[in-house]
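Since the structure comes first, as structure tokens, the remarks are kept for the end.
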Amino acid sequence: MLTNEMINMLQAGRKNGWLMEPEAKGLFAAAGLPVPRFAWAGDLKEGLRCAAEIGYPLVAKVVSPDVVHKSEVGGVAVGIADDRQLQAFYEKVSGLAGFAGLLLEEMVSGTELIVGAKIDYQFGLIILLGIGGTSVEIYRDVAMRMAPLTSEDVYSMLHELKGGQLLSGYRGREAISKEKLVRVLVDFAALVQAMVPYIESIDLNPLLCSGKDCVIADARIMLGEVFVKTGGADPSFAGERM
Amino acid sequence: MNLSALFAPRSVAVIGVSAGNDRHPANVIFTKNLLRYPVRTYAVNVKGGSLDGEQVFPSVSAIPDSIDLAVIAVRAEYVPAVLAECIAAAVKSAIIISGGFAEAGHDELQDHLVRLAEGAAFPFVGPNCLGVYSPGVVDTFFLPTERMVQPAAGDVAVVSQSGGILVDLLVKFAREGVGISSAISIGNKAYIRELQLLEYLDADPRTGVMVFYVEGFGRNEGRAFVQRAAKCRKPVIVLKAGKTSEGSAAVSSHTASLAGDYQVFASVLAQHGIIEARNELELVSYCEALSCYPHTVIKGRVGIISGSGGHGAMAVDSCVAAGLFVPRFTEAVQQSLRDSLSENIRTIASVVNPVDLTGSAVENDFIAAVDAFCEITDIDSILLLLLPYLPGISSDLGARLSKVYRRHGKPLVAYVPHIEKYRMLIDGFELNRVPVASSIESAVLMTHVLRRCRLC
């Protein structure tokens, strides 16, 4: 299920131990999962050209192997309206440790969910769904299932979330498309199943869901220790054991 | 691999008895099986000789009988040779009591045992364990008979990584009247593990409910276990303790931080229809209820009967906290309930649900109320809070109410304070396979578990 292109993308992440956001999004896009239109610009000149293609307003984020939590270092700007603002953002972040360019992408809105995957020592691949946002680790409103995942599993996860009402149009908010969410989660779980020998965990945080769509607004893939060291799939996760 | 020789051996060799130390584990095991169990029991020590007038054989191969089960209690370094000898002598299974293997850092010695067993498809339990206790069949626990508390024979099988927890659970089971089919301590679980025992017990006609006390699974071992357990028709209950040390991932992602070992464990159990008991009270309550009602699945709408308004109110609180429903009865139902009661309480009883028959109720009022509850379609189980000191009831009430249950089949759970004075009342229920809790909280847990819900 993993193409050579995807395996090459995973290989490219080995030097850092993880796939940075544009790398992770590239992989998910290749697998047919929904990501915003995005571009990875190495310098300001390229950035301005990409911005013209995507169109303002847009989101700009710093790309750096040394920055795992971008917003904590001021590395995210939402609603960049023109070239001047983009240049100002570039000047602010280009001095950050390990600066490796800008990620520019179209604006997406919706309710913030977190979707994750983790290789559990005892149970293998675990898929997580929760109410997202910056306070995710405070409320810890998440549901987990052992993969593989059916659409019934996803519905029961939604049912399990305390904040599930927020997704069904609470107090005039737009209800999210549960069908789209189920589709994304089942596809994501199937993709990650094939990635098990290579990874340790994955965050899609947030996955932005609206009445029409669910889009991966941020993503990172933490690679497995054996894969990072050897470049080969972790043999202890041979296919038939999963 | 056939495990029946482990659980129902007809002949046992106890290897490593001591000529000079009567408290040696092997001596305790030898003596109790020789004197108290129908199994043919032989003592083995390389020095030969005799023990309490019984011949001691110098090796297992010297015994003039075919041996179903060898209980090995020699020093760790001698165990591989003894195990090899058992295999060569066509012994059918072994329990290795001895410690001093992986738990003491001697992984290589333990791996040696596994290689021997794998080569011969020879089932062994342990090392570093108590082995098997099957009431009326065999008992390899090296605990003196007079101090062991043994629950009655029943249909709950218990598998435990910890021998200490297992023995303690048996004490609790005995106190609460939970009967067991077999109890097995698997220690280091070098070869026979939870998964094989799950398969064996699922097919074992004496077992109706399976309990596993788990400290941790090996890599991906949990996955195989839950997938197999999901296929069992018998209830599977797991009590989880401790954390795995290998499972720690660098907490660089939110997912790794949110999906801690225990959270994953609990979610995966629920996903596969395995009942998680979070503590001892839950475990004992679930075992008793499921042992009585192994195939009953209710929706969780409870009717409550008591002789005290306070008991009814406390039970409602516990029910709601557990996610159970206590529906208010319709006017018509209330009227027919009231009509069924004796004249002296008809006007003072509360019949809304919970039903409070008051302290003036007599025996027939309880019977009439349970009888009526069996016909009410708004509820699918009955919670009966019985106060044995009410003047109007007798010690036969348990048995009489159980007969009502037998007629209708709607599950009934009773609460009666567990003290010796009320034993006859409790026995009246338990002999008729109606579970009796020793607290309101436990009675609600017994009702809750009958939902058998995967995720609720």
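Residues are referred to by chain and number: the chain letter is A, B, ... according to the order shown in the structure tokens, the number counts from 1 in that chain, and ligands are numbered separately from 1 in the order shown.
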
- [ ] Dump as an NGL selection string the residues of chain A that approach chain B to within 8 Å, counting only C-alpha atoms.
- [x] :A and (115-118 or 120-124 or 126 or 128 or 137 or 140 or 142-146 or 156 or 160 or 200-203 or 222 or 241-242)

Output the selection as a compact mmCIF listing (two decimals), in the first residue's frame - C-alpha atoms for each residue.
```
# COMPACT_ATOMS: atom_id res chain seq x y z
CA VAL A 115 -6.31 12.58 15.13
CA GLY A 116 -3.32 10.47 16.04
CA ALA A 117 -1.64 7.16 15.60
CA LYS A 118 0.71 5.41 17.96
CA ASP A 120 1.68 0.60 21.31
CA TYR A 121 4.07 -1.98 22.71
CA GLN A 122 1.33 -4.40 23.81
CA PHE A 123 -1.37 -3.81 21.20
CA GLY A 124 0.32 -2.51 18.05
CA ILE A 126 -3.67 2.52 18.05
CA LEU A 128 -6.85 8.29 18.49
CA GLU A 137 -3.64 18.06 26.78
CA ARG A 140 -7.78 15.05 27.29
CA VAL A 142 -10.03 11.53 23.38
CA ALA A 143 -11.18 8.08 22.26
CA MET A 144 -8.84 5.32 21.18
CA ARG A 145 -9.18 2.12 19.20
CA MET A 146 -6.89 -0.65 18.11
CA SER A 156 -18.52 4.88 18.42
CA GLU A 160 -17.54 8.42 23.36
CA GLU A 200 6.46 5.72 16.31
CA SER A 201 3.54 8.16 16.30
CA ILE A 202 1.64 10.62 14.14
CA ASP A 203 -0.28 13.77 15.04
CA MET A 222 7.63 10.75 14.35
CA ARG A 241 1.67 -10.08 13.42
CA MET A 242 -0.26 -6.93 12.80
```

Open item on the list: as a list in words, please: the residues near region 54-67 of chain B (cut-off 7 Å, only C-alpha atoms, same-chain neighbours under 4 positions excluded).
Closed with: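 Here the qualifying residues turn out to be Ser11, Val12, Ala13, Ala43, Val44, Asn45, Val46, Lys47, Gly48, Gly49, Ser50, Cys86, Ala89, Val91 and Lys92 of chain B.
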
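Candidate residues B:Arg328, B:Arg10, B:His311, B:Lys240 were compared for distance to Ala277 (chain B), and the nearest is B:Lys240, using only C-alpha atoms.
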
Open item on the list: Can you pull out the residues contacting Leu185 (chain A)? Cut-off 9 Å, using only C-alpha atoms, and skip same-chain residues under 2 positions away; I want them as a PyMOL selection string.
Closed with: chain A and resi 115+127+129+149+151+154+180-183+187-190

Open item on the list: With only C-alpha atoms as the counted atoms, please give the residues lying no more than 10 Å from Gly300 (chain B), apart from itself and same-chain residues fewer than 2 positions off, as a ChimeraX atom specification.
Closed with: /B:297-298,302-303,319,322-326,379-381,447-453

Keeping only N, CA and C atoms, take the residues you just selected and write them out as a short mmCIF file (atom, residue, chain, number, x, y, z; two decimals), in the first residue's frame.
```cif
data_model
loop_
_atom_site.label_atom_id
_atom_site.label_comp_id
_atom_site.auth_asym_id
_atom_site.auth_seq_id
_atom_site.Cartn_x
_atom_site.Cartn_y
_atom_site.Cartn_z
N VAL B 297 -28.09 -10.58 28.71
CA VAL B 297 -27.62 -9.23 28.40
C VAL B 297 -28.82 -8.30 28.54
N ILE B 298 -28.70 -7.31 29.42
CA ILE B 298 -29.82 -6.40 29.66
C ILE B 298 -29.52 -5.03 29.06
N VAL B 302 -33.48 -0.49 35.31
CA VAL B 302 -33.51 -1.22 36.57
C VAL B 302 -34.75 -0.86 37.38
N GLY B 303 -35.37 -1.87 37.96
CA GLY B 303 -36.43 -1.65 38.95
C GLY B 303 -35.86 -1.95 40.33
N CYS B 319 -26.86 3.74 40.63
CA CYS B 319 -27.28 3.32 39.29
C CYS B 319 -27.01 4.42 38.27
N ALA B 322 -23.50 4.83 37.39
CA ALA B 322 -22.99 3.72 36.57
C ALA B 322 -23.60 3.74 35.16
N GLY B 323 -24.46 4.74 34.90
CA GLY B 323 -25.06 4.82 33.57
C GLY B 323 -26.30 3.95 33.40
N LEU B 324 -26.83 3.45 34.50
CA LEU B 324 -28.07 2.66 34.44
C LEU B 324 -29.28 3.60 34.56
N PHE B 325 -30.43 3.13 34.08
CA PHE B 325 -31.64 3.94 34.14
C PHE B 325 -32.59 3.36 35.18
N VAL B 326 -33.25 4.26 35.92
CA VAL B 326 -34.26 3.82 36.88
C VAL B 326 -35.56 4.51 36.46
N ILE B 379 -38.67 -2.28 32.59
CA ILE B 379 -37.41 -2.62 33.25
C ILE B 379 -36.95 -4.01 32.80
N ASP B 380 -35.64 -4.20 32.76
CA ASP B 380 -35.15 -5.53 32.38
C ASP B 380 -34.29 -6.19 33.43
N SER B 381 -34.16 -5.57 34.62
CA SER B 381 -33.53 -6.28 35.73
C SER B 381 -34.07 -5.72 37.04
N THR B 447 -25.43 -5.44 38.58
CA THR B 447 -26.44 -5.13 37.57
C THR B 447 -25.78 -4.51 36.35
N HIS B 448 -24.88 -3.57 36.60
CA HIS B 448 -24.19 -2.86 35.52
C HIS B 448 -23.51 -3.83 34.56
N VAL B 449 -22.83 -4.84 35.11
CA VAL B 449 -22.03 -5.71 34.25
C VAL B 449 -22.91 -6.59 33.35
N LEU B 450 -24.18 -6.74 33.73
CA LEU B 450 -25.07 -7.56 32.89
C LEU B 450 -25.37 -6.89 31.56
N ARG B 451 -25.04 -5.59 31.45
CA ARG B 451 -25.22 -4.96 30.14
C ARG B 451 -24.22 -5.50 29.14
N ARG B 452 -23.08 -5.97 29.66
CA ARG B 452 -22.05 -6.57 28.79
C ARG B 452 -21.76 -5.67 27.59
N CYS B 453 -21.78 -4.35 27.80
CA CYS B 453 -21.67 -3.48 26.64
C CYS B 453 -20.22 -3.34 26.22
#
```

Write out as a PDB file with N, CA and C atoms, in the first residue's frame the set of residues from region 264-379 of chain B that DSSP, computed on the backbone, places in strand (DSSP E).
```
ATOM      1  N   ILE B 275     -14.503  -7.261  29.646  1.00  0.00           N
ATOM      2  CA  ILE B 275     -14.942  -6.457  30.781  1.00  0.00           C
ATOM      3  C   ILE B 275     -13.733  -6.084  31.617  1.00  0.00           C
ATOM      4  N   GLU B 276     -13.519  -4.799  31.829  1.00  0.00           N
ATOM      5  CA  GLU B 276     -12.415  -4.394  32.687  1.00  0.00           C
ATOM      6  C   GLU B 276     -12.924  -4.191  34.105  1.00  0.00           C
ATOM      7  N   ALA B 277     -12.327  -4.907  35.049  1.00  0.00           N
ATOM      8  CA  ALA B 277     -12.597  -4.646  36.461  1.00  0.00           C
ATOM      9  C   ALA B 277     -11.484  -3.722  36.933  1.00  0.00           C
ATOM     10  N   VAL B 302     -33.479  -0.494  35.308  1.00  0.00           N
ATOM     11  CA  VAL B 302     -33.508  -1.221  36.569  1.00  0.00           C
ATOM     12  C   VAL B 302     -34.748  -0.860  37.381  1.00  0.00           C
ATOM     13  N   GLY B 303     -35.373  -1.869  37.961  1.00  0.00           N
ATOM     14  CA  GLY B 303     -36.426  -1.651  38.947  1.00  0.00           C
ATOM     15  C   GLY B 303     -35.859  -1.953  40.327  1.00  0.00           C
ATOM     16  N   ILE B 304     -36.118  -1.077  41.284  1.00  0.00           N
ATOM     17  CA  ILE B 304     -35.518  -1.226  42.613  1.00  0.00           C
ATOM     18  C   ILE B 304     -36.613  -1.448  43.658  1.00  0.00           C
ATOM     19  N   ILE B 305     -36.395  -2.450  44.502  1.00  0.00           N
ATOM     20  CA  ILE B 305     -37.326  -2.724  45.602  1.00  0.00           C
ATOM     21  C   ILE B 305     -36.544  -2.680  46.906  1.00  0.00           C
ATOM     22  N   SER B 306     -37.075  -1.956  47.898  1.00  0.00           N
ATOM     23  CA  SER B 306     -36.414  -1.956  49.206  1.00  0.00           C
ATOM     24  C   SER B 306     -37.468  -1.836  50.303  1.00  0.00           C
ATOM     25  N   VAL B 355     -39.198   1.367  44.521  1.00  0.00           N
ATOM     26  CA  VAL B 355     -40.356   1.014  45.323  1.00  0.00           C
ATOM     27  C   VAL B 355     -39.907   0.812  46.768  1.00  0.00           C
ATOM     28  N   ASP B 356     -40.568   1.542  47.672  1.00  0.00           N
ATOM     29  CA  ASP B 356     -40.246   1.412  49.095  1.00  0.00           C
ATOM     30  C   ASP B 356     -41.425   0.746  49.799  1.00  0.00           C
TER      31      ASP B 356
END
```

Open item on the list: I'd like the neighbourhood of Phe99 (chain A) as a list in words, where a residue qualifies if any of its atoms comes within 9 Å (using only C-alpha atoms), though same-chain residues fewer than 3 positions away should be ignored.
Closed with: Val62, Val63, Ser64, Pro65, Asp66, Val67, Val93, Ser94, Gly95, Leu96 and Leu102 of chain A
